[in-house]
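Structure file query_12.txt; described as compact mmCIF, C-alpha atoms and all ligand atoms.
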# COMPACT_ATOMS: atom_id res chain seq x y z
CA MET A 1 0.00 0.00 0.00
CA LYS A 2 2.93 2.33 0.75
CA GLN A 3 3.88 2.46 -2.93
CA LEU A 4 0.32 3.27 -3.93
CA ILE A 5 0.06 6.07 -1.40
CA ASN A 6 3.39 7.50 -2.52
CA LYS A 7 2.08 7.49 -6.07
CA TRP A 8 -1.07 9.19 -4.86
CA LEU A 9 0.87 11.86 -3.01
CA LYS A 10 3.01 12.56 -6.05
CA ASN A 11 0.03 12.94 -8.34
CA SER A 12 -1.23 16.31 -7.25
CA HIS A 13 -4.05 16.23 -9.80
CA MET A 14 -5.54 13.43 -7.75
CA LEU A 15 -5.78 15.71 -4.77
CA ASN A 16 -8.12 18.32 -6.09
CA LEU A 17 -11.78 18.47 -5.28
CA SER A 18 -12.97 17.08 -8.59
CA TYR A 19 -10.87 13.98 -8.01
CA LEU A 20 -12.37 13.53 -4.54
CA LYS A 21 -15.90 13.91 -5.90
CA GLU A 22 -15.12 11.45 -8.65
CA ALA A 23 -13.69 9.00 -6.16
CA VAL A 24 -16.74 9.34 -3.93
CA PHE A 25 -19.25 8.89 -6.70
CA LYS A 26 -17.35 6.10 -8.35
CA GLN A 27 -16.90 4.54 -4.89
CA ASN A 28 -13.18 4.13 -5.36
CA CYS A 29 -10.71 4.48 -2.51
CA LEU A 30 -8.97 7.84 -2.53
CA LEU A 31 -5.70 6.27 -1.37
CA CYS A 32 -5.41 3.05 -3.39
CA GLU A 33 -8.19 3.43 -5.99
CA ALA A 34 -9.69 0.06 -5.04
CA LYS A 35 -13.42 -0.23 -5.47
CA LEU A 36 -15.23 0.39 -2.19
CA HIS A 37 -17.44 -2.43 -0.97
CA ALA A 38 -19.21 -0.41 1.65
CA LEU A 39 -22.54 -2.16 1.53
CA ALA A 40 -21.07 -5.65 1.71
CA ALA A 41 -18.80 -4.72 4.61
CA ASN A 42 -21.66 -3.10 6.51
CA THR A 43 -23.80 -6.23 6.34
CA PRO A 44 -23.98 -8.04 9.71
CA GLY A 45 -21.87 -11.19 9.57
CA HIS A 46 -19.46 -9.81 6.99
CA PRO A 47 -15.88 -10.28 8.24
CA LEU A 48 -15.30 -6.54 8.13
CA SER A 49 -18.60 -5.51 9.69
CA ASN A 50 -17.15 -5.13 13.17
CA SER A 51 -13.92 -3.43 12.24
CA LEU A 52 -13.66 0.33 12.35
CA HIS A 53 -17.39 0.55 12.95
CA GLU A 54 -17.09 4.28 13.54
CA PHE A 55 -16.00 4.66 9.91
CA ASP A 56 -19.02 3.03 8.36
CA SER A 57 -19.52 5.88 5.94
CA PRO A 58 -16.77 5.46 3.37
CA CYS A 59 -18.52 8.09 1.26
CA ILE A 60 -17.31 10.62 3.78
CA HIS A 61 -13.69 9.63 3.60
CA ALA A 62 -13.63 7.84 0.27
CA ALA A 63 -11.06 5.40 1.64
CA CYS A 64 -11.34 1.62 1.72
CA ARG A 65 -11.16 -0.41 4.91
CA PRO A 66 -7.72 -1.93 4.29
CA CYS A 67 -6.36 1.61 3.79
CA LEU A 68 -8.19 2.84 6.89
CA ASN A 69 -6.81 -0.13 8.82
CA ASP A 70 -3.29 0.71 7.70
CA LEU A 71 -3.41 4.37 8.79
CA PRO A 72 -1.37 5.15 11.94
CA TRP A 73 -4.28 5.58 14.37
CA HIS A 74 -3.50 7.24 17.69
CA PRO A 75 -3.64 4.40 20.24
CA LYS A 76 -6.39 4.33 22.85
CA THR A 77 -3.77 3.38 25.43
CA SER A 78 -2.32 6.90 25.48
CA CYS A 79 -2.17 9.30 28.41
CA PRO A 80 -5.60 11.01 28.51
CA GLN A 81 -4.04 14.35 29.38
CA CYS A 82 -1.10 14.70 26.97
CA GLY A 83 -1.72 11.96 24.40
CA LEU A 84 1.67 10.27 24.72
CA THR A 85 2.12 6.51 25.14
CA SER A 86 1.32 5.49 28.71
CA GLY A 87 -0.78 2.32 28.84
CA GLY A 88 -3.98 4.38 29.07
CA LYS A 89 -3.13 5.94 32.46
CA LEU A 90 -1.93 9.42 33.33
CA CYS A 91 1.76 9.54 32.45
CA GLY A 92 4.49 10.41 34.96
CA SER A 93 5.08 13.79 33.41
CA CYS A 94 1.38 14.79 33.66
CA ILE A 95 1.36 13.66 37.31
CA SER A 96 4.53 15.51 38.32
CA SER A 97 3.97 18.69 36.30
CA PRO A 98 0.49 18.76 34.77
CA PRO A 99 0.03 20.83 31.62
CA ASP A 100 -2.53 23.67 31.53
CA PHE A 101 -4.87 21.65 29.30
CA ASP A 102 -6.97 18.91 30.86
CA ALA A 103 -7.19 16.36 28.03
CA THR A 104 -5.84 15.53 24.58
CA ARG A 105 -7.60 13.61 21.85
CA ALA A 106 -5.71 12.83 18.66
CA VAL A 107 -6.89 10.96 15.58
CA PHE A 108 -3.55 9.80 14.20
CA LEU A 109 0.09 9.51 15.07
CA TYR A 110 2.17 11.94 13.03
CA GLN A 111 3.61 9.24 10.79
CA PHE A 112 3.42 8.18 7.15
CA PRO A 113 1.19 8.84 5.25
CA ILE A 114 -0.48 11.36 7.60
CA ASP A 115 2.69 13.51 7.77
CA ALA A 116 2.85 13.75 3.97
CA MET A 117 -0.89 14.46 3.73
CA MET A 118 -0.57 17.17 6.38
CA GLN A 119 2.31 18.84 4.53
CA ARG A 120 0.25 18.75 1.36
CA TYR A 121 -2.71 20.27 3.18
CA LYS A 122 -0.78 23.10 4.83
CA TYR A 123 1.83 24.03 2.29
CA GLY A 124 0.08 22.87 -0.88
CA SER A 125 -3.20 24.55 0.16
CA ASN A 126 -5.08 21.34 -0.44
CA LEU A 127 -8.29 22.21 1.35
CA THR A 128 -9.97 18.93 0.42
CA LEU A 129 -7.59 17.23 2.82
CA GLY A 130 -8.65 19.71 5.52
CA ASP A 131 -12.26 18.59 5.04
CA ALA A 132 -11.21 14.94 5.27
CA PHE A 133 -9.23 15.63 8.48
CA GLY A 134 -12.27 17.44 9.89
CA GLU A 135 -14.46 14.42 9.16
CA PHE A 136 -11.98 12.05 10.81
CA LEU A 137 -11.84 14.28 13.88
CA SER A 138 -15.65 14.42 14.04
CA LYS A 139 -15.89 10.63 14.01
CA LYS A 140 -13.21 10.22 16.65
CA THR A 141 -14.42 12.87 19.06
CA THR A 142 -17.21 12.99 21.58
CA LEU A 143 -17.69 16.53 22.74
CA GLU A 144 -19.11 16.28 26.22
CA ASN A 145 -20.26 19.52 27.82
CA ILE A 146 -18.08 21.65 25.60
CA ASP A 147 -19.29 25.26 25.28
CA SER A 148 -17.22 26.26 22.27
CA ILE A 149 -14.62 25.06 19.80
CA ILE A 150 -11.60 27.30 19.33
CA PRO A 151 -9.23 26.82 16.37
CA MET A 152 -5.57 27.57 17.12
CA PRO A 153 -5.29 31.24 16.12
CA MET A 154 -2.83 32.31 13.45
CA HIS A 155 -1.02 35.65 13.33
CA PRO A 156 -2.60 37.94 10.67
CA GLN A 157 0.67 38.15 8.76
CA ARG A 158 1.06 34.37 8.59
CA LEU A 159 -2.59 34.10 7.56
CA LYS A 160 -1.89 36.51 4.73
CA GLU A 161 1.08 34.41 3.60
CA ARG A 162 -0.74 31.07 3.71
CA GLY A 163 -4.19 32.25 2.72
CA PHE A 164 -6.03 30.08 5.25
CA ASN A 165 -5.81 28.91 8.84
CA GLN A 166 -5.43 25.12 8.73
CA ALA A 167 -6.91 24.68 12.21
CA LEU A 168 -9.94 26.84 11.41
CA GLU A 169 -10.83 24.80 8.31
CA ILE A 170 -10.74 21.58 10.36
CA ALA A 171 -12.71 23.20 13.21
CA LYS A 172 -15.43 24.35 10.78
CA VAL A 173 -16.13 20.74 9.74
CA LEU A 174 -16.06 19.51 13.33
CA THR A 175 -18.41 22.27 14.54
CA LYS A 176 -20.89 21.59 11.76
CA ASN A 177 -20.90 17.83 12.40
CA CYS A 178 -21.08 18.10 16.18
CA LYS A 179 -23.48 21.06 16.18
CA ASN A 180 -21.24 22.96 18.55
CA LYS A 181 -20.28 26.63 18.66
CA LEU A 182 -17.29 27.75 16.58
CA ASP A 183 -15.43 30.68 18.11
CA PHE A 184 -12.50 32.02 16.09
CA LYS A 185 -12.72 35.57 17.36
CA SER A 186 -12.15 35.37 21.12
CA ALA A 187 -8.49 34.39 20.87
CA GLU A 188 -5.81 36.18 18.89
CA ARG A 189 -2.19 35.53 18.21
CA GLN A 190 -0.52 38.82 18.99
CA THR A 191 3.12 38.03 18.31
CA LEU A 192 4.63 36.73 15.11
CA THR A 193 6.99 34.01 16.26
CA PRO A 194 9.40 31.80 14.29
CA PRO A 195 7.74 28.50 13.30
CA GLN A 196 7.73 26.16 16.31
CA ALA A 197 8.92 23.25 14.17
CA SER A 198 12.32 24.93 13.78
CA LEU A 199 13.00 25.08 17.53
CA PRO A 200 13.93 22.66 20.34
CA LEU A 201 11.50 22.22 23.28
CA LYS A 202 12.89 24.84 25.67
CA LYS A 203 13.02 27.46 22.95
CA ARG A 204 9.48 26.55 21.84
CA VAL A 205 8.13 27.30 25.31
CA LYS A 206 9.99 30.64 25.44
CA ASN A 207 9.08 31.46 21.83
CA ILE A 208 5.36 31.09 22.46
CA LYS A 209 5.14 32.75 25.89
CA GLY A 210 2.60 35.58 25.87
CA ALA A 211 1.77 34.95 22.19
CA PHE A 212 -1.99 34.80 22.70
CA LYS A 213 -4.64 37.22 23.89
CA VAL A 214 -8.17 36.21 24.90
CA ASN A 215 -10.60 39.11 24.64
CA THR A 216 -13.71 37.51 26.17
CA ASN A 217 -14.60 36.37 29.68
CA PHE A 218 -14.65 32.58 29.76
CA ALA A 219 -15.64 32.22 33.42
CA GLY A 220 -16.86 28.67 34.06
CA LYS A 221 -16.62 27.70 30.36
CA ARG A 222 -15.42 24.39 28.96
CA ILE A 223 -13.64 24.67 25.64
CA ALA A 224 -11.94 22.50 23.04
CA ILE A 225 -8.96 23.82 21.07
CA VAL A 226 -8.49 22.40 17.58
CA ASP A 227 -5.03 22.15 16.02
CA ASP A 228 -3.47 20.19 13.19
CA VAL A 229 -0.39 18.64 14.78
CA MET A 230 0.66 18.45 18.43
CA THR A 231 4.40 18.02 18.86
CA THR A 232 5.69 19.26 22.23
CA GLY A 233 2.31 20.82 23.01
CA ALA A 234 3.96 24.16 23.84
CA SER A 235 1.57 26.24 21.70
CA LEU A 236 -1.52 24.37 22.92
CA ASN A 237 -0.33 24.69 26.50
CA GLU A 238 0.22 28.44 26.21
CA LEU A 239 -3.21 28.93 24.63
CA ALA A 240 -4.82 26.72 27.31
CA LYS A 241 -3.08 28.77 29.99
CA THR A 242 -4.41 32.00 28.44
CA PHE A 243 -7.96 30.58 28.41
CA LYS A 244 -7.64 29.43 32.03
CA GLU A 245 -6.53 32.95 32.97
CA ALA A 246 -9.70 34.18 31.20
CA GLY A 247 -11.76 31.94 33.49
CA ALA A 248 -12.14 28.67 31.55
CA THR A 249 -12.51 25.67 33.86
CA HIS A 250 -11.78 22.94 31.31
CA VAL A 251 -9.60 23.06 28.19
CA GLU A 252 -9.03 20.07 25.97
CA CYS A 253 -6.90 19.68 22.85
CA LEU A 254 -8.35 18.07 19.71
CA VAL A 255 -5.63 17.36 17.18
CA ILE A 256 -5.39 15.48 13.92
CA ALA A 257 -1.96 14.05 14.65
CA ARG A 258 0.25 13.57 17.71
CA THR A 259 4.02 13.38 17.36
CA LEU A 260 5.68 10.81 19.59
CA PRO A 261 9.15 11.60 20.92
CA HIS A 262 11.99 9.73 19.18
CA THR A 263 12.95 6.66 21.13
ZN ZN B 301 -7.71 1.91 -0.27
ZN ZN B 302 0.61 12.70 29.98
Render the structure in this file as structure tokens.
Ligand SMILES: [Zn+2]
Ligand SMILES: [Zn+2]
Amino acid sequence: MKQLINKWLKNSHMLNLSYLKEAVFKQNCLLCEAKLHALAANTPGHPLSNSLHEFDSPCIHAACRPCLNDLPWHPKTSCPQCGLTSGGKLCGSCISSPPDFDATRAVFLYQFPIDAMMQRYKYGSNLTLGDAFGEFLSKKTTLENIDSIIPMPMHPQRLKERGFNQALEIAKVLTKNCKNKLDFKSAERQTLTPPQASLPLKKRVKNIKGAFKVNTNFAGKRIAIVDDVMTTGASLNELAKTFKEAGATHVECLVIARTLPHT
């Protein structure tokens, strides 16, 4: 499958909206082009009927079950607070120095082919992939008692350069599907910082300090922050801290992909 996905990633014409629509209507898998057998697999007793039951609508994702099975799903046995590997319990680091956010839910691990798809989405402006990520996040997330969904804010200058906020596009799909409130105005990024990806952990924390401003009172509110990739969590932590200072009582992180530290 890896070869097929590489081919798919190289063929940019396959990544535009018309290709997705074609794939959906033809019922072919977006990743490997295999014919989708959605109805057969959804029939009780079919060998695949119990697998990935939450993804029973291949029309949404236009990906076949073998491809879905091969994606690097974020394991359920992760630390509920930071999303790192921990056997499903709070990890040592969250016990000894808890982050400012209360929970982390990720859809994937930041590994192949999700990393390549994410790069294509962000730097190739492939908004179709943003919609697909939003659908995956909607299926993987249960929003319990969340008052509003906040996309990670982007500095106006960076927004001008990129043309869109990748977190906002994902949050729009999630909000629509979960019938929650999208709030992309209460938080602002007030400092233009070097990209976090270029910095080591300590510098990331320093780089992001004081970067956000929350202009609304969030007293007693429970919010979910949406972001594309969580690496050290420094940006999410700083934003969570800013929301807590504005009165929020619960802040959780909803991310498409979680990076695991190199072992
Ligand atoms: Zn496939
Ligand atoms: Zn943890």
Contacts of ligand ZN 301 (chain B), 6 Å or closer, only C-alpha atoms and all ligand atoms, given as a PyMOL selection string: chain A and resi 29+31-34+63-64+66-67
Write the residues you've just listed into a file as a tab-separated table (two decimals), in the coordinates of the input, and include C-alpha atoms for each of them.
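Result file is result_25.tsv:
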chain	number	residue	atom	x	y	z
A	29	CYS	CA	-10.71	4.48	-2.51
A	31	LEU	CA	-5.70	6.27	-1.37
A	32	CYS	CA	-5.41	3.05	-3.39
A	33	GLU	CA	-8.19	3.43	-5.99
A	34	ALA	CA	-9.69	0.06	-5.04
A	63	ALA	CA	-11.06	5.40	1.64
A	64	CYS	CA	-11.34	1.62	1.72
A	66	PRO	CA	-7.72	-1.93	4.29
A	67	CYS	CA	-6.36	1.61	3.79
Residue nearest ligand ZN 302 (chain B) - candidates A:Gln157, A:Arg222, A:Thr232, A:Gly163, atoms counted: all atoms listed in the file: A:Thr232
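Minimum atom-to-atom distance to ligand ZN 302 (chain B), evaluated using all atoms listed in the file, belongs to A:Gly233 out of A:Pro72, A:Lys140, A:Met118, A:Gly233.
Atom ZN of ligand ZN 302 (chain B) lies 9.3 Å from atom CA of A:Ser97.
We find atom CA of A:Lys181 and atom CA of A:Ala224 to be spaced 10.3 Å apart.
Shortest atom-to-atom contact with A:Lys176 among A:Leu68, A:Ala257, A:Met154, A:Ile149: A:Ile149, counting all atoms listed in the file.
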